[in-house]
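Novice: Structure file start.pdb (PDB, C-alpha atoms and all ligand atoms) right here:
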ATOM      1  CA  MET A   1      81.489  88.516  76.090
ATOM      2  CA  THR A   2      84.752  86.761  75.435
ATOM      3  CA  SER A   3      85.961  84.024  77.776
ATOM      4  CA  GLN A   4      89.618  84.883  77.081
ATOM      5  CA  PRO A   5      91.290  86.295  80.203
ATOM      6  CA  ALA A   6      92.044  89.992  79.697
ATOM      7  CA  ALA A   7      95.694  90.989  79.379
ATOM      8  CA  PRO A   8      97.313  91.973  82.701
ATOM      9  CA  LEU A   9      97.461  95.709  83.382
ATOM     10  CA  LEU A  10      99.410  95.741  86.613
ATOM     11  CA  SER A  11     102.622  94.028  87.598
ATOM     12  CA  SER A  12     101.450  93.558  91.221
ATOM     13  CA  SER A  13      98.411  91.730  92.586
ATOM     14  CA  HIS A  14      97.976  94.446  95.257
ATOM     15  CA  LEU A  15      97.443  98.191  95.075
ATOM     16  CA  LEU A  16      99.276  99.538  98.108
ATOM     17  CA  GLY A  17     100.274 102.996  96.922
ATOM     18  CA  ILE A  18     101.053 105.207  93.960
ATOM     19  CA  GLU A  19     104.644 104.370  94.812
ATOM     20  CA  GLY A  20     105.103 101.104  92.967
ATOM     21  CA  LEU A  21     102.971 102.062  89.946
ATOM     22  CA  SER A  22     104.611 103.080  86.675
ATOM     23  CA  PRO A  23     103.340 105.938  84.484
ATOM     24  CA  ALA A  24     102.202 103.316  81.936
ATOM     25  CA  GLU A  25     100.175 101.486  84.617
ATOM     26  CA  ILE A  26      98.588 104.758  85.715
ATOM     27  CA  ILE A  27      97.586 105.617  82.135
ATOM     28  CA  ALA A  28      96.210 102.095  81.641
ATOM     29  CA  LEU A  29      94.069 102.415  84.805
ATOM     30  CA  LEU A  30      92.784 105.857  83.739
ATOM     31  CA  ASP A  31      91.909 104.570  80.251
ATOM     32  CA  LEU A  32      90.091 101.565  81.715
ATOM     33  CA  ALA A  33      88.259 103.802  84.223
ATOM     34  CA  GLN A  34      87.095 106.003  81.359
ATOM     35  CA  THR A  35      85.175 103.017  79.937
ATOM     36  CA  TYR A  36      83.527 102.597  83.347
ATOM     37  CA  VAL A  37      82.511 106.271  83.397
ATOM     38  CA  VAL A  38      80.580 105.579  80.196
ATOM     39  CA  GLN A  39      79.078 102.388  81.664
ATOM     40  CA  GLY A  40      78.146 104.236  84.893
ATOM     41  CA  ARG A  41      76.215 106.824  82.877
ATOM     42  CA  SER A  42      74.297 104.205  80.913
ATOM     43  CA  GLY A  43      71.061 102.482  81.916
ATOM     44  CA  ASP A  44      72.764  99.143  82.521
ATOM     45  CA  LYS A  45      75.557  99.734  84.979
ATOM     46  CA  LYS A  46      76.323  96.099  85.670
ATOM     47  CA  THR A  47      78.648  93.457  84.211
ATOM     48  CA  GLY A  48      79.456  89.948  85.366
ATOM     49  CA  LEU A  49      83.226  90.332  85.367
ATOM     50  CA  LEU A  50      83.529  89.477  89.076
ATOM     51  CA  ASN A  51      80.648  86.980  89.258
ATOM     52  CA  GLY A  52      81.327  84.438  91.977
ATOM     53  CA  ARG A  53      84.052  86.572  93.532
ATOM     54  CA  THR A  54      84.025  88.082  97.026
ATOM     55  CA  LEU A  55      85.174  91.558  97.986
ATOM     56  CA  ILE A  56      85.562  92.508 101.648
ATOM     57  CA  ASN A  57      85.673  96.151 102.715
ATOM     58  CA  LEU A  58      87.614  96.314 105.971
ATOM     59  CA  PHE A  59      87.474  99.843 107.350
ATOM     60  CA  PHE A  60      89.118 100.634 110.702
ATOM     61  CA  GLU A  61      88.404 104.348 110.120
ATOM     62  CA  ALA A  62      85.249 106.194 109.178
ATOM     63  CA  SER A  63      84.490 106.627 105.493
ATOM     64  CA  THR A  64      81.577 107.687 103.328
ATOM     65  CA  ARG A  65      82.845 108.111  99.787
ATOM     66  CA  THR A  66      85.617 105.557  99.680
ATOM     67  CA  GLN A  67      83.736 102.697 101.302
ATOM     68  CA  SER A  68      80.489 103.238  99.418
ATOM     69  CA  SER A  69      82.239 103.619  96.083
ATOM     70  CA  PHE A  70      84.214 100.396  96.568
ATOM     71  CA  GLU A  71      80.925  98.707  97.470
ATOM     72  CA  LEU A  72      79.183 100.049  94.375
ATOM     73  CA  ALA A  73      82.185  99.280  92.179
ATOM     74  CA  GLY A  74      82.256  95.669  93.390
ATOM     75  CA  LYS A  75      78.499  95.256  92.934
ATOM     76  CA  ARG A  76      78.537  96.813  89.470
ATOM     77  CA  LEU A  77      81.134  94.215  88.480
ATOM     78  CA  GLY A  78      79.005  91.398  89.893
ATOM     79  CA  ALA A  79      81.010  90.548  93.053
ATOM     80  CA  ASP A  80      79.527  89.710  96.450
ATOM     81  CA  VAL A  81      80.494  92.580  98.750
ATOM     82  CA  LEU A  82      80.842  92.371 102.520
ATOM     83  CA  ASN A  83      81.297  95.588 104.521
ATOM     84  CA  MET A  84      83.084  95.229 107.836
ATOM     85  CA  SER A  85      83.259  98.390 109.891
ATOM     86  CA  VAL A  86      85.721  97.752 112.648
ATOM     87  CA  LYS A  87      85.686 100.112 115.592
ATOM     88  CA  THR A  88      89.146 100.954 116.868
ATOM     89  CA  SER A  89      89.790  98.647 119.812
ATOM     90  CA  SER A  90      92.084  99.060 122.786
ATOM     91  CA  VAL A  91      94.034  95.958 121.777
ATOM     92  CA  SER A  92      97.413  96.702 120.201
ATOM     93  CA  LYS A  93      96.783  97.860 116.624
ATOM     94  CA  GLY A  94      99.103  95.344 114.974
ATOM     95  CA  GLU A  95      97.532  92.361 116.721
ATOM     96  CA  THR A  96      94.046  93.491 115.900
ATOM     97  CA  LEU A  97      94.853  93.955 112.262
ATOM     98  CA  ILE A  98      96.609  90.622 111.840
ATOM     99  CA  ASP A  99      93.977  88.674 113.792
ATOM    100  CA  THR A 100      91.210  90.229 111.751
ATOM    101  CA  ALA A 101      93.078  89.621 108.518
ATOM    102  CA  THR A 102      93.658  85.962 109.352
ATOM    103  CA  THR A 103      89.984  85.477 110.176
ATOM    104  CA  LEU A 104      88.836  87.173 106.999
ATOM    105  CA  ASN A 105      91.382  85.321 104.915
ATOM    106  CA  ALA A 106      89.886  82.045 106.083
ATOM    107  CA  MET A 107      86.622  83.127 104.431
ATOM    108  CA  ARG A 108      88.491  83.146 101.121
ATOM    109  CA  PRO A 109      87.835  86.583  99.762
ATOM    110  CA  ASP A 110      89.351  87.472  96.392
ATOM    111  CA  LEU A 111      89.764  91.172  97.114
ATOM    112  CA  LEU A 112      90.331  92.924 100.418
ATOM    113  CA  VAL A 113      89.972  96.702 100.636
ATOM    114  CA  VAL A 114      91.515  98.077 103.819
ATOM    115  CA  ARG A 115      91.560 101.453 105.550
ATOM    116  CA  HIS A 116      93.550 101.766 108.748
ATOM    117  CA  GLN A 117      94.907 104.545 110.936
ATOM    118  CA  ASP A 118      98.482 103.255 110.784
ATOM    119  CA  ALA A 119     100.884 103.828 107.892
ATOM    120  CA  GLY A 120     101.976 100.506 106.423
ATOM    121  CA  ALA A 121      98.850  98.581 107.515
ATOM    122  CA  ALA A 122      97.807  97.580 103.988
ATOM    123  CA  GLU A 123     101.287  96.407 103.132
ATOM    124  CA  LEU A 124     101.474  94.353 106.343
ATOM    125  CA  LEU A 125      98.136  92.785 105.552
ATOM    126  CA  SER A 126      99.158  91.936 101.996
ATOM    127  CA  ARG A 127     101.877  89.720 103.468
ATOM    128  CA  LYS A 128      99.398  87.855 105.704
ATOM    129  CA  VAL A 129      96.589  87.048 103.270
ATOM    130  CA  ASP A 130      96.473  85.343  99.905
ATOM    131  CA  CYS A 131      94.064  87.627  98.086
ATOM    132  CA  CYS A 132      94.477  91.014  96.379
ATOM    133  CA  VAL A 133      94.812  93.871  98.883
ATOM    134  CA  ILE A 134      93.837  97.444  98.045
ATOM    135  CA  ASN A 135      94.941 100.310 100.271
ATOM    136  CA  ALA A 136      91.965 102.606 100.916
ATOM    137  CA  GLY A 137      94.082 104.868 103.133
ATOM    138  CA  ASP A 138      96.782 103.993 105.701
ATOM    139  CA  GLY A 139      97.453 106.708 108.256
ATOM    140  CA  ALA A 140      99.108 109.717 106.650
ATOM    141  CA  HIS A 141     100.913 107.483 104.154
ATOM    142  CA  GLU A 142      98.979 106.737 100.927
ATOM    143  CA  HIS A 143      95.477 106.693  99.440
ATOM    144  CA  PRO A 144      96.164 105.539  95.880
ATOM    145  CA  THR A 145      92.601 105.309  94.559
ATOM    146  CA  GLN A 146      91.965 108.924  95.639
ATOM    147  CA  ALA A 147      94.983 110.123  93.643
ATOM    148  CA  LEU A 148      93.870 108.040  90.653
ATOM    149  CA  LEU A 149      90.335 109.436  90.742
ATOM    150  CA  ASP A 150      91.726 112.961  91.064
ATOM    151  CA  ALA A 151      93.973 112.304  88.065
ATOM    152  CA  LEU A 152      91.028 111.012  86.034
ATOM    153  CA  THR A 153      89.024 114.131  86.937
ATOM    154  CA  ILE A 154      91.909 116.416  85.919
ATOM    155  CA  ARG A 155      92.619 114.555  82.683
ATOM    156  CA  ARG A 156      88.952 114.645  81.608
ATOM    157  CA  ARG A 157      88.831 118.426  82.160
ATOM    158  CA  LEU A 158      92.275 119.567  81.037
ATOM    159  CA  GLY A 159      93.365 116.692  78.798
ATOM    160  CA  ARG A 160      96.912 116.429  80.159
ATOM    161  CA  PHE A 161      99.193 116.579  83.220
ATOM    162  CA  GLU A 162     102.395 117.801  81.611
ATOM    163  CA  GLY A 163     103.168 121.344  82.736
ATOM    164  CA  LEU A 164      99.987 121.827  84.803
ATOM    165  CA  VAL A 165     100.470 123.755  88.037
ATOM    166  CA  VAL A 166      98.633 121.992  90.871
ATOM    167  CA  ALA A 167      98.540 123.681  94.292
ATOM    168  CA  ILE A 168      97.737 121.225  97.112
ATOM    169  CA  CYS A 169      96.689 123.404 100.034
ATOM    170  CA  GLY A 170      96.061 123.008 103.742
ATOM    171  CA  ASP A 171      96.671 120.168 106.182
ATOM    172  CA  VAL A 172      99.435 118.405 104.252
ATOM    173  CA  LEU A 173     100.932 117.039 107.471
ATOM    174  CA  HIS A 174      98.082 114.606 108.142
ATOM    175  CA  SER A 175      97.114 113.975 104.529
ATOM    176  CA  ARG A 176      97.607 110.688 102.705
ATOM    177  CA  VAL A 177      95.665 112.288  99.837
ATOM    178  CA  ALA A 178      98.409 114.918  99.466
ATOM    179  CA  ARG A 179     101.168 112.298  99.496
ATOM    180  CA  SER A 180      99.552 110.054  96.879
ATOM    181  CA  ASN A 181      98.605 113.013  94.704
ATOM    182  CA  LEU A 182     102.009 114.620  94.758
ATOM    183  CA  ARG A 183     103.616 111.311  93.791
ATOM    184  CA  LEU A 184     101.221 110.667  90.924
ATOM    185  CA  LEU A 185     101.085 114.204  89.559
ATOM    186  CA  SER A 186     104.866 114.719  89.709
ATOM    187  CA  MET A 187     105.395 111.364  87.977
ATOM    188  CA  MET A 188     103.039 112.449  85.183
ATOM    189  CA  GLY A 189     104.838 115.756  84.605
ATOM    190  CA  ALA A 190     102.703 118.241  86.559
ATOM    191  CA  ARG A 191     104.291 120.960  88.693
ATOM    192  CA  VAL A 192     103.095 120.305  92.216
ATOM    193  CA  ARG A 193     103.099 122.898  94.968
ATOM    194  CA  LEU A 194     102.316 122.420  98.634
ATOM    195  CA  VAL A 195     100.743 125.441 100.300
ATOM    196  CA  ALA A 196     100.339 125.309 104.074
ATOM    197  CA  PRO A 197     101.280 126.943 107.343
ATOM    198  CA  ARG A 198     104.637 125.658 108.645
ATOM    199  CA  THR A 199     102.855 123.749 111.431
ATOM    200  CA  LEU A 200     100.920 121.712 108.859
ATOM    201  CA  LEU A 201     103.860 120.768 106.648
ATOM    202  CA  PRO A 202     105.714 117.503 107.307
ATOM    203  CA  ALA A 203     109.284 117.945 108.549
ATOM    204  CA  GLN A 204     110.637 116.199 105.459
ATOM    205  CA  ALA A 205     108.445 118.182 102.996
ATOM    206  CA  ASP A 206     111.461 119.670 101.220
ATOM    207  CA  ARG A 207     112.494 116.132 100.272
ATOM    208  CA  PHE A 208     109.284 115.557  98.281
ATOM    209  CA  GLY A 209     110.807 117.352  95.284
ATOM    210  CA  VAL A 210     107.920 119.837  95.002
ATOM    211  CA  GLU A 211     107.680 123.587  95.581
ATOM    212  CA  ILE A 212     106.631 124.695  99.053
ATOM    213  CA  PHE A 213     104.772 127.878  99.988
ATOM    214  CA  THR A 214     103.537 129.102 103.321
ATOM    215  CA  ASP A 215     101.213 131.778 101.965
ATOM    216  CA  MET A 216      98.261 131.373  99.644
ATOM    217  CA  LYS A 217      98.927 134.410  97.467
ATOM    218  CA  THR A 218     102.262 133.231  96.091
ATOM    219  CA  GLY A 219     101.312 129.556  96.326
ATOM    220  CA  LEU A 220      98.207 129.980  94.177
ATOM    221  CA  ALA A 221      99.730 132.343  91.599
ATOM    222  CA  GLY A 222      99.287 130.784  88.159
ATOM    223  CA  ALA A 223      97.767 127.515  89.476
ATOM    224  CA  ASP A 224      95.580 125.538  87.049
ATOM    225  CA  ILE A 225      94.182 123.373  89.860
ATOM    226  CA  VAL A 226      93.631 124.332  93.485
ATOM    227  CA  MET A 227      93.270 121.175  95.558
ATOM    228  CA  MET A 228      92.045 121.877  99.084
ATOM    229  CA  LEU A 229      92.609 119.473 101.964
ATOM    230  CA  ARG A 230      90.452 118.934 105.020
ATOM    231  CA  LEU A 231      91.797 120.200 108.309
ATOM    232  CA  GLN A 232      92.048 116.774 109.993
ATOM    233  CA  LEU A 233      91.150 117.820 113.507
ATOM    234  CA  GLU A 234      90.719 114.190 114.642
ATOM    235  CA  ARG A 235      94.436 113.563 114.030
ATOM    236  CA  MET A 236      95.589 116.629 115.968
ATOM    237  CA  SER A 237      96.564 116.250 119.583
ATOM    238  CA  GLY A 238      97.779 119.821 120.161
ATOM    239  CA  ALA A 239      97.081 123.200 118.622
ATOM    240  CA  PHE A 240      98.315 123.208 115.029
ATOM    241  CA  VAL A 241      96.345 126.323 114.135
ATOM    242  CA  PRO A 242      95.496 129.277 116.398
ATOM    243  CA  SER A 243      91.752 128.994 115.697
ATOM    244  CA  VAL A 244      89.485 127.794 112.923
ATOM    245  CA  ARG A 245      88.532 131.419 112.175
ATOM    246  CA  GLU A 246      92.151 132.468 111.799
ATOM    247  CA  TYR A 247      92.795 129.421 109.636
ATOM    248  CA  PHE A 248      90.001 130.350 107.242
ATOM    249  CA  ARG A 249      91.234 133.914 107.074
ATOM    250  CA  PHE A 250      94.727 132.915 105.957
ATOM    251  CA  TYR A 251      94.285 129.503 104.292
ATOM    252  CA  GLY A 252      90.559 129.003 103.606
ATOM    253  CA  LEU A 253      89.691 129.170  99.910
ATOM    254  CA  ASP A 254      87.303 132.024  99.180
ATOM    255  CA  ARG A 255      86.698 134.141  96.044
ATOM    256  CA  GLN A 256      89.462 136.565  96.865
ATOM    257  CA  LYS A 257      92.112 133.878  97.211
ATOM    258  CA  LEU A 258      90.864 131.928  94.198
ATOM    259  CA  ALA A 259      91.371 135.083  92.108
ATOM    260  CA  TRP A 260      95.126 134.726  92.788
ATOM    261  CA  ALA A 261      95.162 131.468  90.779
ATOM    262  CA  LYS A 262      95.139 131.279  86.971
ATOM    263  CA  PRO A 263      91.909 132.661  85.443
ATOM    264  CA  GLY A 264      89.541 129.696  85.043
ATOM    265  CA  ALA A 265      91.384 127.629  87.680
ATOM    266  CA  LEU A 266      89.454 124.600  88.907
ATOM    267  CA  VAL A 267      88.906 123.621  92.543
ATOM    268  CA  MET A 268      89.086 120.124  94.017
ATOM    269  CA  HIS A 269      88.546 118.624  97.478
ATOM    270  CA  PRO A 270      88.598 114.901  98.389
ATOM    271  CA  GLY A 271      85.811 115.323 100.951
ATOM    272  CA  PRO A 272      84.522 115.348 103.551
ATOM    273  CA  MET A 273      84.630 119.160 103.595
ATOM    274  CA  ASN A 274      84.741 121.490 106.553
ATOM    275  CA  ARG A 275      82.743 124.323 105.028
ATOM    276  CA  GLY A 276      83.936 127.710 106.207
ATOM    277  CA  VAL A 277      87.203 126.195 107.497
ATOM    278  CA  GLU A 278      89.291 125.185 104.471
ATOM    279  CA  ILE A 279      86.779 126.154 101.784
ATOM    280  CA  ALA A 280      83.925 128.643 101.468
ATOM    281  CA  SER A 281      80.559 127.087 100.659
ATOM    282  CA  ASP A 282      79.900 129.281  97.638
ATOM    283  CA  ILE A 283      83.089 127.983  95.978
ATOM    284  CA  ALA A 284      82.463 124.353  96.898
ATOM    285  CA  ASP A 285      78.977 124.544  95.375
ATOM    286  CA  ASP A 286      79.851 126.585  92.270
ATOM    287  CA  VAL A 287      79.706 124.083  89.389
ATOM    288  CA  GLU A 288      81.644 126.472  87.167
ATOM    289  CA  VAL A 289      84.792 126.053  89.253
ATOM    290  CA  SER A 290      84.262 123.105  91.610
ATOM    291  CA  LEU A 291      85.041 119.552  90.478
ATOM    292  CA  ILE A 292      84.019 118.046  93.820
ATOM    293  CA  SER A 293      80.913 116.135  92.609
ATOM    294  CA  GLU A 294      82.775 114.940  89.543
ATOM    295  CA  GLN A 295      85.516 113.584  91.805
ATOM    296  CA  VAL A 296      82.913 111.446  93.576
ATOM    297  CA  GLU A 297      81.600 110.090  90.257
ATOM    298  CA  MET A 298      85.144 109.325  89.081
ATOM    299  CA  GLY A 299      85.720 107.488  92.358
ATOM    300  CA  VAL A 300      83.338 104.703  91.375
ATOM    301  CA  ALA A 301      84.852 104.389  87.879
ATOM    302  CA  ILE A 302      88.417 104.284  89.195
ATOM    303  CA  ARG A 303      87.560 101.653  91.783
ATOM    304  CA  MET A 304      85.890  99.520  89.102
ATOM    305  CA  ALA A 305      89.042  99.831  87.007
ATOM    306  CA  VAL A 306      91.258  98.847  89.939
ATOM    307  CA  LEU A 307      89.089  95.816  90.793
ATOM    308  CA  ASP A 308      89.016  94.806  87.114
ATOM    309  CA  ALA A 309      92.802  95.201  86.766
ATOM    310  CA  LEU A 310      93.577  93.261  89.942
ATOM    311  CA  SER A 311      91.113  90.503  89.029
ATOM    312  CA  ARG A 312      93.353  89.782  86.028
ATOM    313  CA  THR A 313      95.995  88.636  88.505
ATOM    314  CA  PHE A 314      93.668  86.074  90.187
ATOM    315  CA  PRO A 315      94.804  82.490  89.837
ATOM    316  CA  ARG A 316      92.778  81.021  86.946
ATOM    317  CA  GLU A 317      91.293  78.118  88.944
ATOM    318  CA  GLY A 318      91.153  79.848  92.313
ATOM    319  CA  ARG A 319      93.320  78.852  95.240
ATOM    320  CA  ASN A 320      93.890  75.165  95.727
ATOM    321  CA  THR A 321      94.702  74.967  99.432
TER     322      THR A 321
HETATM  323  C1  LIG B 401      90.240 111.484 102.663
HETATM  324  C2  LIG B 401      90.860 110.422 103.542
HETATM  325  O1  LIG B 401      90.168 109.668 104.218
HETATM  326  O2  LIG B 401      92.073 110.356 103.517
HETATM  327  N1  LIG B 401      88.910 111.295 102.359
HETATM  328  C3  LIG B 401      88.544 110.466 101.338
HETATM  329  O3  LIG B 401      88.984 109.352 101.218
HETATM  330  N2  LIG B 401      87.686 110.967 100.443
HETATM  331  C4  LIG B 401      90.539 112.834 103.118
HETATM  332  C5  LIG B 401      90.024 113.262 104.455
HETATM  333  O4  LIG B 401      89.552 112.472 105.257
HETATM  334  O5  LIG B 401      90.116 114.471 104.710
END
Translate the structure described by the file into structure tokens.
Specialist:
Amino acid sequence: MTSQPAAPLLSSSHLLGIEGLSPAEIIALLDLAQTYVVQGRSGDKKTGLLNGRTLINLFFEASTRTQSSFELAGKRLGADVLNMSVKTSSVSKGETLIDTATTLNAMRPDLLVVRHQDAGAAELLSRKVDCCVINAGDGAHEHPTQALLDALTIRRRLGRFEGLVVAICGDVLHSRVARSNLRLLSMMGARVRLVAPRTLLPAQADRFGVEIFTDMKTGLAGADIVMMLRLQLERMSGAFVPSVREYFRFYGLDRQKLAWAKPGALVMHPGPMNRGVEIASDIADDVEVSLISEQVEMGVAIRMAVLDALSRTFPREGRNT
């Protein structure tokens, strides 16, 4: 192992969104993650790159995949990892976040991974602490590592983004995954479509610069990738869909609807899935078409790459105050 510091990959010491990354930075992260896929499949999954460093996972919202993969990624790079699961409190959200951030900052972490129900929370936090902040999902705003892991999964299977038709289907309104993915995929030259009932499309959807469809048949026609989104019932205060059964009938991905996409089209879902609501079980579990397990594997590799890349922005001797 060389003691030379690795060349910087990112211009920022935080990862707050896909917005703010350049295509070259995205490619560099995907290339680096690919080396971690290989390492993750080998017998020795661990390196000492982050030895002596501390990573704190600060999750104000529930998470299985994202939190555990950041934990594994940190541990595989040799960092000490602390998981803080913060239950939503009745105190004003802003105060809670800033108080918690100040407390954690005093423990001198090097990397802080944050998930919060409010858009802009990670950015706010990055201005209050003096370590690297990674956005693991802020409200319906961004979830950059999800879009990066989806991109890695697509690139490994199809070898490119340019010209691919990607249909992002379902609850776009509440989805940070949709927003980060449409930014990344459009930037890399894919043709992104949003397919959803009117009630689940954001008011400003036509300003995203992507094609919009309200029915699955035309929305899926010719799609290389069908990316399904979870119906985020916990974020819905009123009735956005008549009933879950109706929703599945018109927007749930089953064999019949998948046949409208390009022959050989691949299916993705960020998880957690509502089986029988936005996706039929037999499609989710069909390894010939479903990339869902691969997405989870790529999640660890991408998070290792992000931690590695951000660690190159650490001050050489640590903080001195
Ligand atoms: C997503 C999220 O939390 O935004 N899940 C994830 O990170 N894998 C999508 C969702 O919750 O539906």
Novice: Name the closest residue to ligand LIG 401 (chain B) among the candidates A:Met304, A:Ala284, A:Leu258, A:Ala140; distances are taken between atoms, counting only C-alpha atoms and all ligand atoms.
Specialist: A:Ala140
Novice: Extract, using only C-alpha atoms, all DNA, RNA and protein residues at most 12 Å from A:Ala6, discarding same-chain residues fewer than 5 positions from it, and format them as a list in words.
Specialist: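 The contact residues come out as Met1, Leu32, Leu49, Asp308, Ala309, Leu310, Ser311, Arg312, Thr313, Phe314 and Arg316 of chain A.
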Novice: Out of A:Leu111, A:Leu164, A:Cys132, A:Ala147, which residue has the shortest atom-to-atom distance to ligand LIG 401 (chain B) when counting only C-alpha atoms and all ligand atoms?
Specialist: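 Of A:Leu111, A:Leu164, A:Cys132, A:Ala147, the one nearest ligand LIG 401 (chain B) is A:Ala147, counting only C-alpha atoms and all ligand atoms.
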Novice: So which residues get picked by the PyMOL selection byres (((not hetatm)) within 8 of (chain B and resi 401)) here, written as a ChimeraX atom specification?
Specialist: /A:62-66,136-137,140,143,146,175-177,229-232,270-273
Novice: Between atom CA of A:Leu16 and atom CA of A:Gly120, what is the spacing in Å?
Specialist: 8.8 Å
Novice: Determine the nearest neighbour of A:Asp130 from the options A:Ser13, A:Pro144, A:Ala261, A:Met188, counting all atoms listed in the file.
Specialist: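 Ranked by minimum distance to A:Asp130, first place goes to A:Ser13.
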Novice: Which residues come within 12 Å of A:His141, counting only C-alpha atoms, excluding same-chain residues fewer than 5 positions away, as JSON, numbers by chain?
Specialist: {"A": [16, 17, 18, 19, 115, 116, 117, 118, 119, 120, 121, 122, 123, 135, 136, 172, 173, 174, 175, 176, 177, 178, 179, 180, 181, 182, 183, 202]}
Novice: Can you work out which one of A:Asp44, A:Glu246, A:Asp254, A:Glu71 has the shortest atom-to-atom distance to A:Ile283, counting only C-alpha atoms?
Specialist: A:Asp254
Novice: Where does the PyMOL selection byres (((chain A and resi 225) around 8) and not hetatm) land in this file, that is, which residues does it pick, as a list of chain:residue names?
Specialist: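 This file, filtered by the PyMOL selection byres (((chain A and resi 225) around 8) and not hetatm), leaves A:Leu164, A:Val165, A:Val166, A:Ala167, A:Ala223, A:Asp224, A:Val226, A:Met227, A:Ala265, A:Leu266, A:Val267, A:Met268.
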